[in-house]
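Structure file start-v3.txt (compact mmCIF, C-alpha atoms) is printed below.
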# COMPACT_ATOMS: atom_id res chain seq x y z
CA SER D 1 0.00 0.00 0.00
CA GLN D 2 1.04 3.56 -0.54
CA THR D 3 2.54 5.90 2.05
CA ILE D 4 2.56 9.68 1.97
CA HIS D 5 5.19 11.71 3.78
CA GLN D 6 4.89 15.42 4.42
CA TRP D 7 7.62 17.68 5.67
CA PRO D 8 7.74 19.64 7.90
CA ALA D 9 4.96 18.65 10.27
CA THR D 10 4.72 22.11 11.78
CA LEU D 11 5.99 25.47 10.58
CA VAL D 12 5.84 29.03 11.90
CA GLN D 13 6.85 31.69 9.42
CA PRO D 14 6.77 35.50 9.35
CA VAL D 15 4.69 37.36 6.81
CA GLY D 16 6.63 37.95 3.63
CA SER D 17 8.94 34.98 4.04
CA PRO D 18 9.19 32.17 1.45
CA LEU D 19 7.63 28.76 1.83
CA SER D 20 8.44 25.26 0.69
CA LEU D 21 6.36 22.25 1.75
CA GLU D 22 7.27 18.83 0.52
CA CYS D 23 5.18 15.77 -0.14
CA THR D 24 6.75 12.46 -1.11
CA VAL D 25 5.01 9.16 -1.75
CA GLU D 26 6.01 5.53 -1.62
CA GLY D 27 4.44 2.32 -2.77
CA THR D 28 2.85 3.55 -5.97
CA SER D 29 3.88 4.84 -9.38
CA ASN D 30 2.36 7.52 -11.55
CA PRO D 31 -0.12 8.74 -8.94
CA ASN D 32 -2.29 11.80 -9.24
CA LEU D 33 -1.19 14.19 -6.51
CA TYR D 34 -3.17 16.91 -4.77
CA TRP D 35 -2.58 19.80 -2.39
CA TYR D 36 -5.44 20.82 -0.11
CA ARG D 37 -5.65 23.54 2.50
CA GLN D 38 -7.82 23.40 5.58
CA ALA D 39 -8.33 26.77 7.22
CA ALA D 40 -9.61 27.01 10.77
CA GLY D 41 -13.34 26.26 10.98
CA ARG D 42 -13.58 25.47 7.29
CA GLY D 43 -13.53 22.43 5.10
CA LEU D 44 -10.80 21.37 2.76
CA GLN D 45 -10.08 23.41 -0.33
CA LEU D 46 -8.28 21.97 -3.32
CA LEU D 47 -5.30 24.12 -4.28
CA PHE D 48 -3.41 22.17 -6.94
CA TYR D 49 -3.39 18.80 -8.60
CA SER D 50 -0.90 17.03 -10.80
CA VAL D 51 -1.34 14.11 -13.19
CA GLY D 52 2.37 13.73 -13.93
CA ILE D 53 5.86 15.20 -13.74
CA GLY D 54 5.81 18.89 -14.55
CA GLN D 55 2.02 18.95 -14.96
CA ILE D 56 0.26 21.25 -12.51
CA SER D 57 -3.30 22.53 -12.46
CA SER D 58 -4.40 25.28 -10.13
CA GLU D 59 -7.89 25.45 -8.73
CA VAL D 60 -7.85 28.86 -7.09
CA PRO D 61 -5.90 32.06 -7.68
CA GLN D 62 -3.42 32.70 -4.91
CA ASN D 63 0.17 33.49 -4.14
CA LEU D 64 1.05 29.82 -3.86
CA SER D 65 2.57 27.63 -6.54
CA ALA D 66 3.22 23.93 -6.91
CA SER D 67 5.76 21.83 -8.71
CA ARG D 68 6.27 18.15 -9.40
CA PRO D 69 9.92 17.58 -10.22
CA GLN D 70 9.71 13.81 -9.79
CA ASP D 71 6.94 11.25 -10.10
CA ARG D 72 6.66 10.82 -6.35
CA GLN D 73 7.45 14.36 -5.20
CA PHE D 74 5.06 17.28 -4.95
CA ILE D 75 6.14 20.67 -3.64
CA LEU D 76 4.07 23.62 -2.52
CA SER D 77 5.81 26.99 -2.55
CA SER D 78 5.37 30.68 -2.01
CA LYS D 79 7.72 33.60 -2.55
CA LYS D 80 6.04 35.77 0.08
CA LEU D 81 3.65 34.41 2.67
CA LEU D 82 0.48 36.21 3.70
CA LEU D 83 -1.38 35.92 6.98
CA SER D 84 -4.22 34.25 5.09
CA ASP D 85 -1.88 31.41 4.08
CA SER D 86 -2.06 30.00 7.59
CA GLY D 87 -3.73 26.61 7.73
CA PHE D 88 -3.32 22.90 7.61
CA TYR D 89 -1.91 21.67 4.31
CA LEU D 90 -2.65 18.16 3.18
CA CYS D 91 -1.14 16.21 0.35
CA ALA D 92 -3.23 13.45 -1.20
CA LEU D 93 -2.96 10.89 -3.97
CA THR D 94 -4.97 8.58 -6.10
CA PRO D 95 -2.70 5.64 -6.88
CA ASP D 96 -1.86 5.02 -10.52
CA SER D 97 -5.10 6.52 -11.65
CA LYS D 98 -6.40 9.15 -14.00
CA HIS D 99 -9.85 9.30 -12.49
CA SER D 100 -10.75 11.88 -9.89
CA THR D 101 -13.49 9.61 -8.64
CA ASP D 102 -11.04 7.09 -7.25
CA THR D 103 -10.35 7.18 -3.56
CA GLN D 104 -7.90 9.82 -2.42
CA TYR D 105 -5.51 8.97 0.38
CA PHE D 106 -4.10 11.69 2.54
CA GLY D 107 -0.79 12.39 4.19
CA PRO D 108 -0.28 13.52 7.80
CA GLY D 109 -0.36 17.22 6.90
CA THR D 110 1.71 20.32 7.64
CA ARG D 111 0.39 22.91 10.06
CA LEU D 112 1.51 26.37 8.89
CA THR D 113 1.19 29.49 11.03
CA VAL D 114 2.05 32.81 9.47
CA LEU D 115 2.70 35.59 11.98
CA ALA H 1 -21.15 23.27 -9.60
CA GLN H 2 -20.92 20.73 -6.85
CA LYS H 3 -21.74 21.27 -3.24
CA VAL H 4 -21.70 19.21 -0.06
CA THR H 5 -23.55 20.38 3.04
CA GLN H 6 -22.99 19.04 6.51
CA ALA H 7 -25.45 21.05 8.55
CA GLN H 8 -24.32 19.70 11.90
CA THR H 9 -21.28 21.67 12.97
CA GLU H 10 -20.84 19.80 16.25
CA ILE H 11 -22.54 16.84 17.89
CA SER H 12 -21.97 15.69 21.44
CA VAL H 13 -23.27 12.37 22.74
CA VAL H 14 -22.55 10.08 25.62
CA GLU H 15 -20.64 6.90 24.97
CA LYS H 16 -22.71 3.96 23.74
CA GLU H 17 -25.35 6.17 22.17
CA ASP H 18 -26.04 5.90 18.45
CA VAL H 19 -25.33 8.98 16.38
CA THR H 20 -26.08 9.96 12.78
CA LEU H 21 -24.08 12.48 10.80
CA ASP H 22 -25.96 14.10 7.94
CA CYS H 23 -24.63 14.83 4.47
CA VAL H 24 -26.56 16.44 1.62
CA TYR H 25 -24.98 16.93 -1.77
CA GLU H 26 -25.66 18.75 -5.03
CA THR H 27 -24.39 17.82 -8.47
CA ARG H 28 -25.67 17.90 -12.01
CA ASP H 29 -23.69 14.85 -12.99
CA THR H 30 -25.41 11.48 -13.15
CA THR H 31 -22.23 9.59 -12.35
CA TYR H 32 -20.60 10.57 -9.12
CA TYR H 33 -19.00 9.17 -6.02
CA LEU H 34 -19.52 9.96 -2.37
CA PHE H 35 -16.98 9.58 0.39
CA TRP H 36 -16.68 9.81 4.13
CA TYR H 37 -13.42 10.62 5.88
CA LYS H 38 -12.50 10.76 9.55
CA GLN H 39 -10.08 13.37 10.87
CA PRO H 40 -8.86 12.54 14.38
CA PRO H 41 -7.04 15.19 16.46
CA SER H 42 -3.75 14.22 14.79
CA GLY H 43 -5.09 15.79 11.60
CA GLU H 44 -4.63 13.06 9.03
CA LEU H 45 -7.73 12.22 7.02
CA VAL H 46 -8.67 8.56 7.22
CA PHE H 47 -10.73 7.10 4.40
CA LEU H 48 -13.92 5.35 5.53
CA ILE H 49 -16.07 4.64 2.49
CA ARG H 50 -16.58 5.32 -1.20
CA ARG H 51 -19.96 4.82 -2.85
CA ASN H 52 -20.96 5.35 -6.47
CA SER H 53 -24.19 6.94 -7.57
CA PHE H 54 -25.57 3.74 -9.04
CA ASP H 55 -25.33 1.75 -5.86
CA GLU H 56 -27.99 2.73 -3.36
CA GLN H 57 -27.59 -0.25 -1.12
CA ASN H 58 -26.89 0.65 2.44
CA GLU H 59 -23.54 -0.48 3.76
CA ILE H 60 -22.53 -1.70 7.17
CA SER H 61 -19.01 -2.10 8.47
CA GLY H 62 -18.88 -3.06 12.11
CA ARG H 63 -20.42 -0.22 14.11
CA TYR H 64 -20.49 2.04 11.05
CA SER H 65 -23.33 2.18 8.56
CA TRP H 66 -24.16 4.43 5.64
CA ASN H 67 -27.55 5.31 4.19
CA PHE H 68 -27.47 6.57 0.59
CA GLN H 69 -30.72 8.03 -0.76
CA LYS H 70 -30.60 9.59 -4.22
CA SER H 71 -34.19 10.84 -3.88
CA THR H 72 -33.10 13.22 -1.14
CA SER H 73 -29.47 13.59 -2.26
CA SER H 74 -28.27 12.40 1.09
CA PHE H 75 -25.49 10.12 2.27
CA ASN H 76 -25.81 9.84 6.02
CA PHE H 77 -23.39 8.09 8.35
CA THR H 78 -24.43 6.33 11.53
CA ILE H 79 -22.20 5.12 14.34
CA THR H 80 -23.83 2.54 16.57
CA ALA H 81 -22.81 2.20 20.21
CA SER H 82 -20.39 5.11 19.96
CA GLN H 83 -17.02 5.00 21.69
CA VAL H 84 -14.67 7.73 22.87
CA VAL H 85 -12.24 6.78 20.09
CA ASP H 86 -14.90 7.83 17.57
CA SER H 87 -14.38 11.44 18.59
CA ALA H 88 -13.15 13.26 15.50
CA VAL H 89 -14.20 15.55 12.70
CA TYR H 90 -16.01 13.69 9.95
CA PHE H 91 -16.08 14.91 6.38
CA CYS H 92 -18.43 14.00 3.59
CA ALA H 93 -17.09 14.53 0.08
CA LEU H 94 -18.21 14.28 -3.53
CA SER H 95 -16.44 13.65 -6.81
CA ALA H 96 -18.17 13.61 -10.18
CA LEU H 97 -17.16 12.17 -13.50
CA TYR H 98 -17.28 15.26 -15.65
CA SER H 99 -17.94 14.85 -19.32
CA GLY H 100 -14.60 16.47 -19.98
CA GLY H 101 -12.70 14.02 -17.78
CA GLY H 102 -9.79 15.32 -15.76
CA ALA H 103 -8.32 14.81 -12.36
CA ASP H 104 -10.16 17.32 -10.23
CA GLY H 105 -10.18 16.90 -6.50
CA LEU H 106 -12.91 16.17 -4.04
CA THR H 107 -15.56 18.66 -2.97
CA PHE H 108 -15.76 18.52 0.79
CA GLY H 109 -18.39 19.54 3.27
CA LYS H 110 -17.26 21.66 6.20
CA GLY H 111 -17.23 18.69 8.51
CA THR H 112 -19.04 17.64 11.66
CA HIS H 113 -17.13 17.63 14.93
CA LEU H 114 -18.27 14.57 16.85
CA ILE H 115 -17.60 14.48 20.58
CA ILE H 116 -18.16 11.25 22.45
CA GLN H 117 -18.25 11.80 26.18
CA PRO H 118 -17.34 8.93 28.51
What would you get if you wrote out this structure as structure tokens?
Amino acid sequence: SQTIHQWPATLVQPVGSPLSLECTVEGTSNPNLYWYRQAAGRGLQLLFYSVGIGQISSEVPQNLSASRPQDRQFILSSKKLLLSDSGFYLCALTPDSKHSTDTQYFGPGTRLTVL
Amino acid sequence: AQKVTQAQTEISVVEKEDVTLDCVYETRDTTYYLFWYKQPPSGELVFLIRRNSFDEQNEISGRYSWNFQKSTSSFNFTITASQVVDSAVYFCALSALYSGGGADGLTFGKGTHLIIQP
């Protein structure tokens, strides 16, 4: 079965600083990968998804970006963090699938606080 | 557009009581899938069930059961004989097979915080 690693687990950053969150997966090849954000008191919002290396789709306009340099690596970045970027960031995958209706499995998440 | 509504923000029951979490969805697609996830205090989302729109049979897994009714666009989740370990936030989610295909993510409800008191 697949495993999702997210690093770091917790992060506190000042406004205006850069950001890099990493998601790596094991136990599957060619997965679809997703970045979600969960803000306090709200549900999960899809930020980006990727169907392959170098292929990124963005769901909402924002100051965040994503990259997929390797099949099993998905990175979320920002050049300058805003207070509104605070939240819980979750990486998810559908294993070896091109269908969004397949089950998505989630990583442990990164809790980001922007001060 | 898709939408998932979980009207119950928080539910608190005493251990061993049965509890039902409501989920109402909206979609114009005829083929879609519904999901339930559990988010314990640690934060990781744990997959519980996936059900397609053509299968309206209720499902039971141990103390968990799910009632899917297309007529009311609902996919409710019941925990029988609740336990303290069931305390978590539970999310209902929807994914539809768009005519254009693609790999879009899930549409989540805002979650129901379930508190099981000993």
Check: which chain H residues lie within 10 Å of chain D using only C-alpha atoms, as a compact mmCIF listing (two decimals) with C-alpha atoms, keeping the file's coordinate frame:
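So the final result, stored in out-v9.txt, reads:
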# COMPACT_ATOMS: atom_id res chain seq x y z
CA THR H 9 -21.28 21.67 12.97
CA THR H 31 -22.23 9.59 -12.35
CA TYR H 32 -20.60 10.57 -9.12
CA TYR H 33 -19.00 9.17 -6.02
CA LEU H 34 -19.52 9.96 -2.37
CA PHE H 35 -16.98 9.58 0.39
CA TYR H 37 -13.42 10.62 5.88
CA SER H 42 -3.75 14.22 14.79
CA GLY H 43 -5.09 15.79 11.60
CA GLU H 44 -4.63 13.06 9.03
CA LEU H 45 -7.73 12.22 7.02
CA VAL H 46 -8.67 8.56 7.22
CA PHE H 47 -10.73 7.10 4.40
CA LEU H 48 -13.92 5.35 5.53
CA ILE H 49 -16.07 4.64 2.49
CA ARG H 50 -16.58 5.32 -1.20
CA ARG H 51 -19.96 4.82 -2.85
CA ASN H 52 -20.96 5.35 -6.47
CA PHE H 91 -16.08 14.91 6.38
CA CYS H 92 -18.43 14.00 3.59
CA ALA H 93 -17.09 14.53 0.08
CA LEU H 94 -18.21 14.28 -3.53
CA SER H 95 -16.44 13.65 -6.81
CA ALA H 96 -18.17 13.61 -10.18
CA LEU H 97 -17.16 12.17 -13.50
CA TYR H 98 -17.28 15.26 -15.65
CA GLY H 101 -12.70 14.02 -17.78
CA GLY H 102 -9.79 15.32 -15.76
CA ALA H 103 -8.32 14.81 -12.36
CA ASP H 104 -10.16 17.32 -10.23
CA GLY H 105 -10.18 16.90 -6.50
CA LEU H 106 -12.91 16.17 -4.04
CA THR H 107 -15.56 18.66 -2.97
CA PHE H 108 -15.76 18.52 0.79
CA GLY H 109 -18.39 19.54 3.27
CA LYS H 110 -17.26 21.66 6.20
CA GLY H 111 -17.23 18.69 8.51
CA THR H 112 -19.04 17.64 11.66
Within 8 Å of Leu112 (chain D), counting all atoms listed in the file, which residues show up once you throw out same-chain ones fewer than 2 positions away? Write them as a PyMOL selection string, please. chain D and resi 10-13+85-89+110+114
Got time to write the residues from that selection, C-alpha atoms, as a PDB file, in the coordinates of the input?
ATOM      1  CA  THR D  10       4.720  22.110  11.780  1.00  0.00           C
ATOM      2  CA  LEU D  11       5.990  25.470  10.580  1.00  0.00           C
ATOM      3  CA  VAL D  12       5.840  29.030  11.900  1.00  0.00           C
ATOM      4  CA  GLN D  13       6.850  31.690   9.420  1.00  0.00           C
ATOM      5  CA  ASP D  85      -1.880  31.410   4.080  1.00  0.00           C
ATOM      6  CA  SER D  86      -2.060  30.000   7.590  1.00  0.00           C
ATOM      7  CA  GLY D  87      -3.730  26.610   7.730  1.00  0.00           C
ATOM      8  CA  PHE D  88      -3.320  22.900   7.610  1.00  0.00           C
ATOM      9  CA  TYR D  89      -1.910  21.670   4.310  1.00  0.00           C
ATOM     10  CA  THR D 110       1.710  20.320   7.640  1.00  0.00           C
ATOM     11  CA  VAL D 114       2.050  32.810   9.470  1.00  0.00           C
TER      12      VAL D 114
END
What is the distance, in Å and to one decimal place, between CA of Glu56 (chain H) and CA of Ala7 (chain H)?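 CA of Ala7 (chain H) lies at a distance of 22.0 Å from CA of Glu56 (chain H).
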One decimal, in Å: what's the spacing between CA of Ser1 (chain D) and CA of Gln39 (chain H)?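 Distance between the two atoms: 20.0 Å.
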Got a sec: who's within 6 Å of Leu81 (chain D), counting only C-alpha atoms, leaving out chain neighbours fewer than 5 positions off, as a PDB file with C-alpha atoms, in the coordinates of the input?
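Contents of around-v1.pdb, freshly written:
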ATOM      1  CA  VAL D  15       4.690  37.360   6.810  1.00  0.00           C
ATOM      2  CA  GLY D  16       6.630  37.950   3.630  1.00  0.00           C
ATOM      3  CA  SER D  17       8.940  34.980   4.040  1.00  0.00           C
TER       4      SER D  17
END
Given only C-alpha atoms as the basis, pick out the residue of H:Thr20, H:Gln117, H:Thr27, H:Gln69 nearest to Ser87 (chain H).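 The shortest atom-to-atom distance to Ser87 (chain H) comes from H:Gln117.
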Using CA of Val85 (chain H) and CA of Lys16 (chain H) as the two end points, give the distance in Å to one decimal.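 Taking CA of Val85 (chain H) as the start and CA of Lys16 (chain H) as the end point, the length is 11.4 Å.
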Given all atoms listed in the file as the basis, pick out the residue of H:Asp86, H:Asp22, H:Ser73, H:Ile79 nearest to Ile60 (chain H).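 Closest candidate: H:Ile79.
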